[in-house]
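Here is query-v4.csv, consisting of CSV, C-alpha atoms:
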```
chain,number,residue,atom,x,y,z
G,1,MET,CA,0.0,0.0,0.0
G,2,THR,CA,1.3,3.4,-0.9
G,3,GLN,CA,2.1,5.6,2.1
G,4,SER,CA,0.5,9.1,2.1
G,5,ARG,CA,3.2,11.7,1.9
G,6,ASP,CA,2.5,15.1,3.3
G,7,HIS,CA,4.7,18.0,2.3
G,8,GLY,CA,5.0,21.7,2.2
G,9,GLY,CA,5.2,23.5,-1.1
G,10,ASN,CA,1.7,22.5,-2.4
G,11,LEU,CA,1.0,26.1,-3.4
G,12,ASP,CA,-1.3,25.1,-6.3
G,13,ALA,CA,-3.8,23.7,-3.7
G,14,ALA,CA,-3.7,27.0,-1.8
G,15,VAL,CA,-4.3,29.0,-5.1
G,16,ARG,CA,-7.3,26.8,-5.9
G,17,GLN,CA,-8.8,27.3,-2.4
G,18,TYR,CA,-8.0,31.0,-1.8
G,19,GLY,CA,-7.7,32.4,-5.3
G,20,GLY,CA,-5.1,34.6,-7.0
G,21,GLN,CA,-2.2,33.6,-9.2
G,22,ARG,CA,1.0,31.8,-8.1
G,23,GLY,CA,2.9,35.0,-8.6
G,24,ASP,CA,0.7,36.8,-6.0
G,25,TRP,CA,1.6,34.3,-3.3
G,26,ILE,CA,4.4,34.2,-0.7
G,27,ASP,CA,5.2,30.5,-0.1
G,28,LEU,CA,6.5,30.1,3.5
G,29,SER,CA,5.5,26.4,3.7
G,30,THR,CA,9.0,25.1,2.9
G,31,GLY,CA,12.3,25.7,4.7
G,32,ILE,CA,14.2,27.0,1.6
G,33,ASN,CA,16.6,29.9,1.8
G,34,PRO,CA,14.6,32.8,0.2
G,35,CYS,CA,17.8,34.5,-0.9
G,36,PRO,CA,19.4,31.8,-3.2
G,37,TYR,CA,22.9,31.6,-4.3
G,38,PRO,CA,23.4,33.7,-7.4
G,39,VAL,CA,23.3,31.4,-10.4
G,40,ARG,CA,26.0,31.8,-13.0
G,41,LEU,CA,27.0,29.1,-15.5
G,42,THR,CA,30.7,29.0,-16.2
G,43,GLN,CA,30.6,25.9,-18.5
G,44,VAL,CA,29.5,27.0,-21.9
G,45,ASP,CA,28.2,23.5,-22.8
G,46,ALA,CA,26.5,22.8,-19.5
G,47,TRP,CA,23.1,22.5,-21.1
G,48,SER,CA,24.0,20.9,-24.4
G,49,ALA,CA,26.6,18.2,-23.5
G,50,LEU,CA,26.3,15.1,-21.4
G,51,PRO,CA,27.8,15.8,-17.9
G,52,ASP,CA,31.4,14.7,-17.9
G,53,ARG,CA,33.5,13.0,-15.3
G,54,GLY,CA,35.8,16.0,-14.8
G,55,ALA,CA,32.8,18.2,-13.8
G,56,MET,CA,31.6,15.5,-11.4
G,57,ASP,CA,35.0,15.2,-9.8
G,58,GLN,CA,35.2,19.0,-9.3
G,59,LEU,CA,31.8,18.9,-7.5
G,60,ILE,CA,32.8,16.0,-5.3
G,61,ASP,CA,36.1,17.7,-4.4
G,62,ALA,CA,34.2,20.9,-3.5
G,63,ALA,CA,31.7,18.8,-1.4
G,64,ARG,CA,34.6,17.1,0.5
G,65,ALA,CA,36.2,20.4,1.4
G,66,PHE,CA,33.0,22.2,2.3
G,67,TRP,CA,31.7,19.4,4.6
G,68,ASN,CA,35.0,18.2,5.9
G,69,ILE,CA,34.1,14.7,4.8
G,70,PRO,CA,36.3,11.9,6.2
G,71,THR,CA,38.9,10.7,3.7
G,72,ASP,CA,37.7,7.1,4.0
G,73,ALA,CA,34.1,7.9,3.2
G,74,ALA,CA,32.8,7.9,-0.4
G,75,VAL,CA,30.6,10.6,-1.9
G,76,LEU,CA,27.7,10.3,-4.4
G,77,ALA,CA,26.0,13.3,-6.0
G,78,ALA,CA,22.4,12.6,-7.0
G,79,PRO,CA,19.4,14.4,-8.5
G,80,GLY,CA,18.2,15.5,-5.0
G,81,CYS,CA,18.0,13.8,-1.7
G,82,SER,CA,14.6,12.4,-2.5
G,83,ALA,CA,16.1,10.2,-5.2
G,84,LEU,CA,18.5,8.8,-2.6
G,85,ILE,CA,15.8,8.3,0.0
G,86,ALA,CA,13.8,6.3,-2.5
G,87,GLN,CA,16.7,3.9,-3.0
G,88,ILE,CA,18.3,3.6,0.4
G,89,PRO,CA,15.9,0.9,1.8
G,90,THR,CA,17.0,-1.4,-1.0
G,91,LEU,CA,20.6,-1.6,0.3
G,92,TRP,CA,19.6,-4.2,2.9
G,93,PRO,CA,17.0,-7.0,3.2
G,94,ALA,CA,13.7,-5.7,4.5
G,95,ASN,CA,13.6,-5.7,8.2
G,96,THR,CA,12.7,-3.2,10.9
G,97,VAL,CA,13.7,0.4,10.8
G,98,ALA,CA,13.5,2.9,13.7
G,99,ILE,CA,12.4,6.4,12.6
G,100,PRO,CA,11.7,8.5,15.7
G,101,GLY,CA,8.8,10.9,15.0
G,102,PRO,CA,7.4,13.2,14.2
G,103,THR,CA,9.8,13.8,11.4
G,104,TYR,CA,10.2,14.1,7.6
G,105,ASN,CA,7.8,11.5,6.4
G,106,GLU,CA,9.5,10.6,3.1
G,107,HIS,CA,11.9,8.3,4.9
G,108,GLY,CA,9.1,6.2,6.5
G,109,ALA,CA,7.1,6.1,3.3
G,110,SER,CA,10.1,4.8,1.3
G,111,PHE,CA,11.0,2.1,3.8
G,112,ARG,CA,7.4,1.0,4.0
G,113,PHE,CA,7.2,0.8,0.2
G,114,HIS,CA,10.1,-1.6,0.2
G,115,GLY,CA,8.6,-3.9,2.7
G,116,TRP,CA,10.2,-2.6,6.0
G,117,GLN,CA,8.4,-2.3,9.3
G,118,VAL,CA,8.7,1.2,10.7
G,119,THR,CA,8.9,1.8,14.5
G,120,ASP,CA,9.9,4.6,16.9
G,121,ASP,CA,12.0,2.2,19.0
G,122,PRO,CA,15.6,1.4,17.9
G,123,THR,CA,15.8,-1.6,20.1
G,124,GLY,CA,16.4,-4.6,17.9
G,125,ALA,CA,16.0,-2.6,14.7
G,126,ALA,CA,18.3,-3.3,11.7
G,127,CYS,CA,18.4,0.3,10.7
G,128,SER,CA,17.5,3.8,12.0
G,129,VAL,CA,16.9,7.2,10.5
G,130,ILE,CA,17.5,10.5,12.2
G,131,VAL,CA,16.8,13.9,10.7
G,132,HIS,CA,19.5,16.3,12.0
G,133,PRO,CA,18.2,18.9,12.7
G,134,ASN,CA,14.8,17.4,12.8
G,135,ASN,CA,12.0,18.5,10.4
G,136,PRO,CA,9.6,20.0,11.7
G,137,THR,CA,10.8,20.4,15.3
G,138,GLY,CA,14.3,21.8,14.5
G,139,ALA,CA,15.9,19.8,17.2
G,140,PHE,CA,19.5,18.5,16.9
G,141,TRP,CA,20.6,15.0,17.8
G,142,GLN,CA,23.6,14.6,20.1
G,143,SER,CA,24.7,11.3,18.7
G,144,VAL,CA,23.6,8.5,16.3
G,145,THR,CA,21.6,5.5,17.4
G,146,GLY,CA,23.2,2.1,18.1
G,147,THR,CA,21.6,0.2,15.1
G,148,PRO,CA,23.8,-1.7,12.7
G,149,ALA,CA,22.8,0.8,9.9
G,150,CYS,CA,21.9,4.4,10.3
G,151,ILE,CA,20.7,7.2,7.9
G,152,ILE,CA,21.5,10.7,9.1
G,153,ASP,CA,19.6,13.3,7.1
G,154,GLU,CA,21.4,16.6,7.4
G,155,SER,CA,19.4,18.5,4.8
G,156,PHE,CA,19.0,21.5,7.1
G,157,CYS,CA,22.4,21.2,8.9
G,158,ASP,CA,24.4,23.7,6.8
G,159,VAL,CA,23.2,26.5,9.1
G,160,ALA,CA,25.1,24.9,11.9
G,161,PRO,CA,28.2,23.1,10.6
G,162,ASP,CA,29.6,22.7,14.1
G,163,LYS,CA,26.8,20.4,14.9
G,164,SER,CA,27.2,18.1,11.9
G,165,LEU,CA,27.6,14.4,12.5
G,166,ILE,CA,29.6,14.0,9.2
G,167,HIS,CA,32.2,12.0,11.1
G,168,ALA,CA,29.7,9.1,11.3
G,169,ALA,CA,29.9,8.7,7.5
G,170,SER,CA,33.1,6.6,7.9
G,171,GLN,CA,31.3,4.1,10.1
G,172,THR,CA,30.0,0.8,8.7
G,173,GLY,CA,26.4,0.9,7.6
G,174,HIS,CA,26.1,4.7,8.1
G,175,ILE,CA,25.1,7.2,5.4
G,176,VAL,CA,24.9,11.0,5.8
G,177,LEU,CA,22.6,12.9,3.4
G,178,LYS,CA,23.3,16.4,2.4
G,179,SER,CA,20.9,18.7,0.5
G,180,PHE,CA,21.8,21.5,-1.8
G,181,GLY,CA,18.3,23.0,-2.2
G,182,LYS,CA,17.7,24.2,1.3
G,183,PHE,CA,20.7,26.3,2.5
G,184,TRP,CA,21.7,27.5,-1.0
G,185,GLY,CA,18.0,28.1,-1.9
G,186,LEU,CA,18.2,26.3,-5.2
G,187,ALA,CA,15.7,23.4,-4.8
G,188,GLY,CA,15.0,23.4,-8.5
G,189,ALA,CA,18.6,22.3,-9.2
G,190,ARG,CA,17.7,18.9,-7.7
G,191,LEU,CA,21.1,18.1,-6.2
G,192,GLY,CA,21.8,16.0,-3.1
G,193,PHE,CA,24.6,13.9,-1.7
G,194,ALA,CA,25.0,10.5,0.0
G,195,ILE,CA,28.2,10.1,2.0
G,196,GLY,CA,29.2,6.8,3.6
G,197,PRO,CA,31.2,3.6,3.2
G,198,ALA,CA,32.3,2.8,-0.3
G,199,ASP,CA,30.3,-0.4,-0.6
G,200,LEU,CA,27.0,1.2,0.2
G,201,ILE,CA,27.7,4.3,-1.9
G,202,GLU,CA,28.6,2.2,-4.9
G,203,GLN,CA,25.4,0.3,-4.6
G,204,LEU,CA,23.5,3.6,-4.6
G,205,ARG,CA,25.5,4.7,-7.6
G,206,GLN,CA,24.5,1.6,-9.6
G,207,ARG,CA,20.8,2.1,-8.6
G,208,ILE,CA,20.7,5.7,-9.7
G,209,GLY,CA,22.6,5.2,-13.0
G,210,PRO,CA,24.9,7.4,-15.1
G,211,TRP,CA,24.5,11.1,-15.8
G,212,ALA,CA,22.3,11.5,-12.7
G,213,VAL,CA,23.2,15.1,-12.1
G,214,SER,CA,22.6,17.7,-14.8
G,215,GLY,CA,25.5,19.7,-16.3
G,216,PRO,CA,24.1,23.0,-14.9
G,217,ALA,CA,23.7,21.5,-11.4
G,218,LEU,CA,27.3,20.2,-11.5
G,219,ASP,CA,28.5,23.7,-12.5
G,220,ILE,CA,26.4,25.7,-10.0
G,221,GLY,CA,27.0,23.2,-7.2
G,222,THR,CA,30.8,23.4,-7.5
G,223,GLN,CA,30.7,27.2,-7.4
G,224,ALA,CA,28.4,27.4,-4.4
G,225,LEU,CA,30.2,24.8,-2.4
G,226,SER,CA,33.5,26.6,-3.0
G,227,ASP,CA,32.1,30.0,-1.9
G,228,LEU,CA,32.8,30.0,1.8
G,229,ASP,CA,32.3,33.8,2.2
G,230,TRP,CA,28.8,33.5,0.9
G,231,ALA,CA,28.1,30.6,3.2
G,232,ASP,CA,29.3,32.6,6.3
G,233,GLN,CA,27.3,35.7,5.3
G,234,THR,CA,24.2,33.6,4.7
G,235,ARG,CA,24.4,31.9,8.1
G,236,ALA,CA,24.5,35.3,9.8
G,237,ARG,CA,21.6,36.7,7.8
G,238,LEU,CA,19.5,33.6,8.4
G,239,ALA,CA,20.0,33.8,12.1
G,240,GLN,CA,19.0,37.5,12.1
G,241,ASP,CA,15.9,36.8,10.0
G,242,ALA,CA,14.8,33.9,12.2
G,243,GLN,CA,14.9,36.2,15.3
G,244,ARG,CA,12.9,38.8,13.3
G,245,LEU,CA,10.3,36.2,12.5
G,246,ASP,CA,10.1,35.1,16.1
G,247,GLN,CA,9.4,38.7,17.1
G,248,LEU,CA,6.6,39.0,14.6
G,249,MET,CA,5.1,35.7,15.8
G,250,ALA,CA,5.5,36.4,19.5
G,251,PRO,CA,1.9,37.7,20.0
G,252,HIS,CA,0.5,34.6,18.3
G,253,SER,CA,2.7,31.7,19.5
G,254,GLN,CA,3.1,30.0,22.8
G,255,SER,CA,6.6,28.7,22.0
G,256,VAL,CA,9.0,28.0,19.1
G,257,LEU,CA,10.3,24.5,18.6
G,258,GLY,CA,14.0,23.9,17.8
G,259,THR,CA,16.7,26.2,16.9
G,260,THR,CA,17.3,25.9,13.1
G,261,PRO,CA,16.9,29.3,11.3
G,262,LEU,CA,15.8,28.0,7.9
G,263,PHE,CA,12.3,27.4,9.3
G,264,ARG,CA,10.4,28.0,12.5
G,265,THR,CA,7.8,25.7,13.9
G,266,TYR,CA,5.5,27.5,16.4
G,267,GLN,CA,3.0,26.2,18.8
G,268,VAL,CA,-0.2,28.3,18.6
G,269,GLN,CA,-3.7,28.0,19.8
G,270,SER,CA,-5.0,26.9,16.4
G,271,ALA,CA,-2.7,26.2,13.5
G,272,ALA,CA,-5.5,25.8,11.0
G,273,ALA,CA,-7.0,29.2,12.0
G,274,LEU,CA,-3.6,31.0,11.6
G,275,GLN,CA,-2.9,29.2,8.3
G,276,ASP,CA,-6.3,30.4,7.1
G,277,ARG,CA,-5.6,34.0,8.2
G,278,LEU,CA,-2.3,34.1,6.4
G,279,ALA,CA,-3.8,32.4,3.3
G,280,ARG,CA,-6.4,35.1,3.0
G,281,HIS,CA,-3.4,37.4,2.5
G,282,HIS,CA,-1.9,35.0,0.0
G,283,ILE,CA,0.8,33.8,2.4
G,284,TRP,CA,1.1,30.0,2.5
G,285,SER,CA,2.3,28.1,5.6
G,286,ARG,CA,2.6,24.5,6.8
G,287,VAL,CA,0.4,22.7,9.3
G,288,PHE,CA,0.6,19.1,10.4
G,289,PRO,CA,-2.1,16.4,10.6
G,290,TYR,CA,-0.6,15.0,13.9
G,291,ASP,CA,-0.7,18.2,15.9
G,292,PRO,CA,-3.4,20.9,15.5
G,293,THR,CA,-1.2,23.5,17.4
G,294,TRP,CA,1.9,23.4,15.2
G,295,ILE,CA,2.5,25.7,12.3
G,296,ARG,CA,5.8,26.0,10.4
G,297,LEU,CA,7.0,29.1,8.6
G,298,GLY,CA,10.0,29.6,6.4
G,299,LEU,CA,11.7,32.9,6.2
G,300,PRO,CA,10.3,35.6,4.0
G,301,ALA,CA,12.4,37.1,1.2
G,302,PRO,CA,13.6,40.7,2.0
G,303,GLU,CA,10.8,42.3,-0.1
G,304,HIS,CA,8.0,40.3,1.7
G,305,TRP,CA,8.5,41.2,5.3
G,306,ASP,CA,6.0,44.1,5.3
G,307,ARG,CA,3.3,41.8,3.8
G,308,VAL,CA,3.9,39.2,6.4
G,309,ARG,CA,3.8,41.8,9.2
G,310,ALA,CA,0.6,43.2,7.9
G,311,ALA,CA,-1.0,39.8,7.6
G,312,LEU,CA,-0.1,38.9,11.2
```

Using the file provided, produce a representation of the structure as structure tokens.
Amino acid sequence: MTQSRDHGGNLDAAVRQYGGQRGDWIDLSTGINPCPYPVRLTQVDAWSALPDRGAMDQLIDAARAFWNIPTDAAVLAAPGCSALIAQIPTLWPANTVAIPGPTYNEHGASFRFHGWQVTDDPTGAACSVIVHPNNPTGAFWQSVTGTPACIIDESFCDVAPDKSLIHAASQTGHIVLKSFGKFWGLAGARLGFAIGPADLIEQLRQRIGPWAVSGPALDIGTQALSDLDWADQTRARLAQDAQRLDQLMAPHSQSVLGTTPLFRTYQVQSAAALQDRLARHHIWSRVFPYDPTWIRLGLPAPEHWDRVRAAL
């Protein structure tokens, strides 16, 4: 049976319900940096030629340096973390996987699709999944679980590199996932990374196939991962904007969950009522079926702060 997958970013549904055109809306339902890395292609044939090995090697080298990847861990670039999440359960025979919730539901859906039993308890489980920091709570894990295999999803961790668990990528059975779309704000590039032992990464490579990453994504990804000044400036701006959003939400929220600045999950009296209020101003947010008091907001772009303030 196909597992229902609930996501942010379903702006078309909001437009159908509340009217307007897509261009009229501010989409705060995802945790994507609203000030993306400036796109500039340096390879003249990035669109017209098949991606070559040299471009891939440059991207992997940039990734190794940016994330301080252990030398004995292998790296695979893929067309987004979702493509990796869809294949990871096939690396081992179906068994029991521990996925403490609530968390990003794509992991559980993928494991279930491939015949695994999903539980919250890692005791006796063959594999575990931790989202670090967690989505939607924003909480960081202090260490990995003790299961033989472990998937560490660090899609939102680039805001806090000092808290990364990248060292675990050299451990047997452990895979760290890194997303390009969130911190760099380029979700449409569809670029993600799996980092772990060579045997597991090679199995993933075979499952994904050749030319998995587009030429433009290779080019832009290499530039962005090599631009350390931009990363430092972006972390500072995101932290300031998260505090600004907390101040705007203070009259409406009882508490803010977690500490990651790319998104804020607030506990409010009625998440559905606040989502409806914002939507009438063509501002889309994220609510959760398992808790009627949680609402998640991404950060507004610089030109959208006044509209968000007025709507609140």

Among listed residues G:Tyr37, G:Tyr266, G:Phe111, G:Trp284, nearest Leu245 (chain G) (using all atoms listed in the file) = G:Tyr266

Using all atoms listed in the file, pick whichever of G:Arg280, G:Leu312, G:Gln233, G:Gly185 has the shortest atom-to-atom distance to Cys35 (chain G).
->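 Of the candidates, the smallest distance to Cys35 (chain G) is held by G:Gly185.
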
Compile the contact shell of Ala187 (chain G) as a ChimeraX atom specification: residues with an atom at most 8 Å away, counting all atoms listed in the file, same-chain residues fewer than 6 positions apart removed.
-> /G:32,180-181

All residues 9 Å or closer to region 63-66 of chain G, all atoms listed in the file, same chain fewer than 2 positions away omitted, as a PyMOL selection string | chain G and resi 58-61+68-71+75+193+221-222+225-228

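Taking CA of Ala198 (chain G) as the reference point, CA of Thr90 (chain G) is found at 15.9 Å.
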
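Rounded to one decimal, CA of Ile152 (chain G) and CA of Ile130 (chain G) lie 5.1 Å from each other.
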
Residue with the minimum atom-to-atom distance to Ala126 (chain G), picked from G:Ser155, G:Gly20, G:His174, G:Leu84 with all atoms listed in the file counted, is G:His174

Between G:Gly108, G:Pro210, G:Gly54, G:Pro289, single out the one closest to Ala86 (chain G), counting all atoms listed in the file.
-> G:Gly108

Selection as a PyMOL selection string: residues within 12 Å of (5.7, 2.1, 0.7), counting only C-alpha atoms | chain G and resi 1-5+85-87+89-90+94+105-118

Find the residues around Val176 (chain G) up to 7 Å (all atoms listed in the file counted), leave out those fewer than 4 positions away in its own chain, and share them as a ChimeraX atom specification.
-> /G:151-154,166,169,194-196

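Our summary of the geometry notes that CA of Trp184 (chain G) is positioned 8.7 Å from CA of Thr234 (chain G).
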
Write out as CSV a residue-level contact list of region 31-114 of chain G versus region 293-303 of chain G with cut-off 12 Å: for each qualifying residue the closest pair of atoms and the distance in Å to one decimal, counting only C-alpha atoms, rows sorted by chain and residue number upward.
```
residue,atom,partner,partner_atom,distance
G:Gly31,CA,G:Gly298,CA,4.8
G:Ile32,CA,G:Gly298,CA,6.9
G:Asn33,CA,G:Leu299,CA,7.2
G:Pro34,CA,G:Ala301,CA,4.9
G:Cys35,CA,G:Ala301,CA,6.4
G:Pro36,CA,G:Ala301,CA,9.8
G:Pro102,CA,G:Trp294,CA,11.6
```

Nearest residue to Ala212 (chain G) from the set G:Pro79, G:Pro100, G:Gly173, G:Pro197 (distances using only C-alpha atoms) = G:Pro79

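Closest approach to Phe288 (chain G) among G:Ser255, G:Gln240, G:Gln267, G:Gln203: G:Gln267, based on all atoms listed in the file.
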
Test item: which residues lie within 6 Å of (12.3, 14.4, 8.2) counting all atoms listed in the file, as a compact mmCIF listing (two decimals) with C-alpha atoms, keeping the file's coordinate frame:
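What ended up in part20.txt:
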```txt
# COMPACT_ATOMS: atom_id res chain seq x y z
CA THR G 103 9.80 13.80 11.40
CA TYR G 104 10.20 14.10 7.60
CA ASN G 105 7.80 11.50 6.40
CA VAL G 131 16.80 13.90 10.70
CA ASN G 135 12.00 18.50 10.40
```

Using all atoms listed in the file, which residues sit within 12 Å of Asp162 (chain G) once same-chain residues fewer than 6 positions away are excluded, as an MDAnalysis selection string?
-> chainID G and resid 67:68 140 142

Gly215 (chain G) surroundings by all atoms listed in the file, 10 Å radius, close-in-sequence under 4 positions cut, as number ranges by chain | G: 41, 43, 45-52, 55-56, 211, 219-221

Take the residues just selected and output them with C-alpha atoms as a tab-separated table (two decimals), keeping the file's coordinate frame.
```tsv
chain	number	residue	atom	x	y	z
G	41	LEU	CA	27.00	29.10	-15.50
G	43	GLN	CA	30.60	25.90	-18.50
G	45	ASP	CA	28.20	23.50	-22.80
G	46	ALA	CA	26.50	22.80	-19.50
G	47	TRP	CA	23.10	22.50	-21.10
G	48	SER	CA	24.00	20.90	-24.40
G	49	ALA	CA	26.60	18.20	-23.50
G	50	LEU	CA	26.30	15.10	-21.40
G	51	PRO	CA	27.80	15.80	-17.90
G	52	ASP	CA	31.40	14.70	-17.90
G	55	ALA	CA	32.80	18.20	-13.80
G	56	MET	CA	31.60	15.50	-11.40
G	211	TRP	CA	24.50	11.10	-15.80
G	219	ASP	CA	28.50	23.70	-12.50
G	220	ILE	CA	26.40	25.70	-10.00
G	221	GLY	CA	27.00	23.20	-7.20
```

What would region 46-59 of chain G look like with N, CA and C atoms restored, written as a short mmCIF file (atom, residue, chain, number, x, y, z; two decimals), keeping the file's coordinate frame?
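Output contents, as saved in rebuild-v5.cif:
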```cif
data_model
loop_
_atom_site.label_atom_id
_atom_site.label_comp_id
_atom_site.auth_asym_id
_atom_site.auth_seq_id
_atom_site.Cartn_x
_atom_site.Cartn_y
_atom_site.Cartn_z
N ALA G 46 27.15 23.49 -20.59
CA ALA G 46 26.50 22.80 -19.50
C ALA G 46 25.11 22.30 -19.84
N TRP G 47 24.41 23.00 -20.74
CA TRP G 47 23.10 22.50 -21.10
C TRP G 47 23.12 21.55 -22.29
N SER G 48 24.08 21.67 -23.16
CA SER G 48 24.00 20.90 -24.40
C SER G 48 24.78 19.61 -24.40
N ALA G 49 25.77 19.46 -23.51
CA ALA G 49 26.60 18.20 -23.50
C ALA G 49 26.22 17.34 -22.33
N LEU G 50 26.47 16.05 -22.52
CA LEU G 50 26.30 15.10 -21.40
C LEU G 50 27.30 15.54 -20.28
N PRO G 51 26.88 15.49 -19.01
CA PRO G 51 27.80 15.80 -17.90
C PRO G 51 29.04 14.92 -17.97
N ASP G 52 30.23 15.51 -17.84
CA ASP G 52 31.40 14.70 -17.90
C ASP G 52 32.02 14.39 -16.56
N ARG G 53 32.95 13.45 -16.56
CA ARG G 53 33.50 13.00 -15.30
C ARG G 53 34.32 14.09 -14.60
N GLY G 54 34.97 14.93 -15.38
CA GLY G 54 35.80 16.00 -14.80
C GLY G 54 34.89 16.95 -13.97
N ALA G 55 33.71 17.31 -14.51
CA ALA G 55 32.80 18.20 -13.80
C ALA G 55 32.30 17.56 -12.51
N MET G 56 32.02 16.26 -12.58
CA MET G 56 31.60 15.50 -11.40
C MET G 56 32.69 15.50 -10.34
N ASP G 57 33.92 15.25 -10.78
CA ASP G 57 35.00 15.20 -9.80
C ASP G 57 35.23 16.55 -9.13
N GLN G 58 35.08 17.64 -9.87
CA GLN G 58 35.20 19.00 -9.30
C GLN G 58 34.12 19.19 -8.21
N LEU G 59 32.90 18.75 -8.51
CA LEU G 59 31.80 18.90 -7.50
C LEU G 59 32.10 18.08 -6.28
#
```
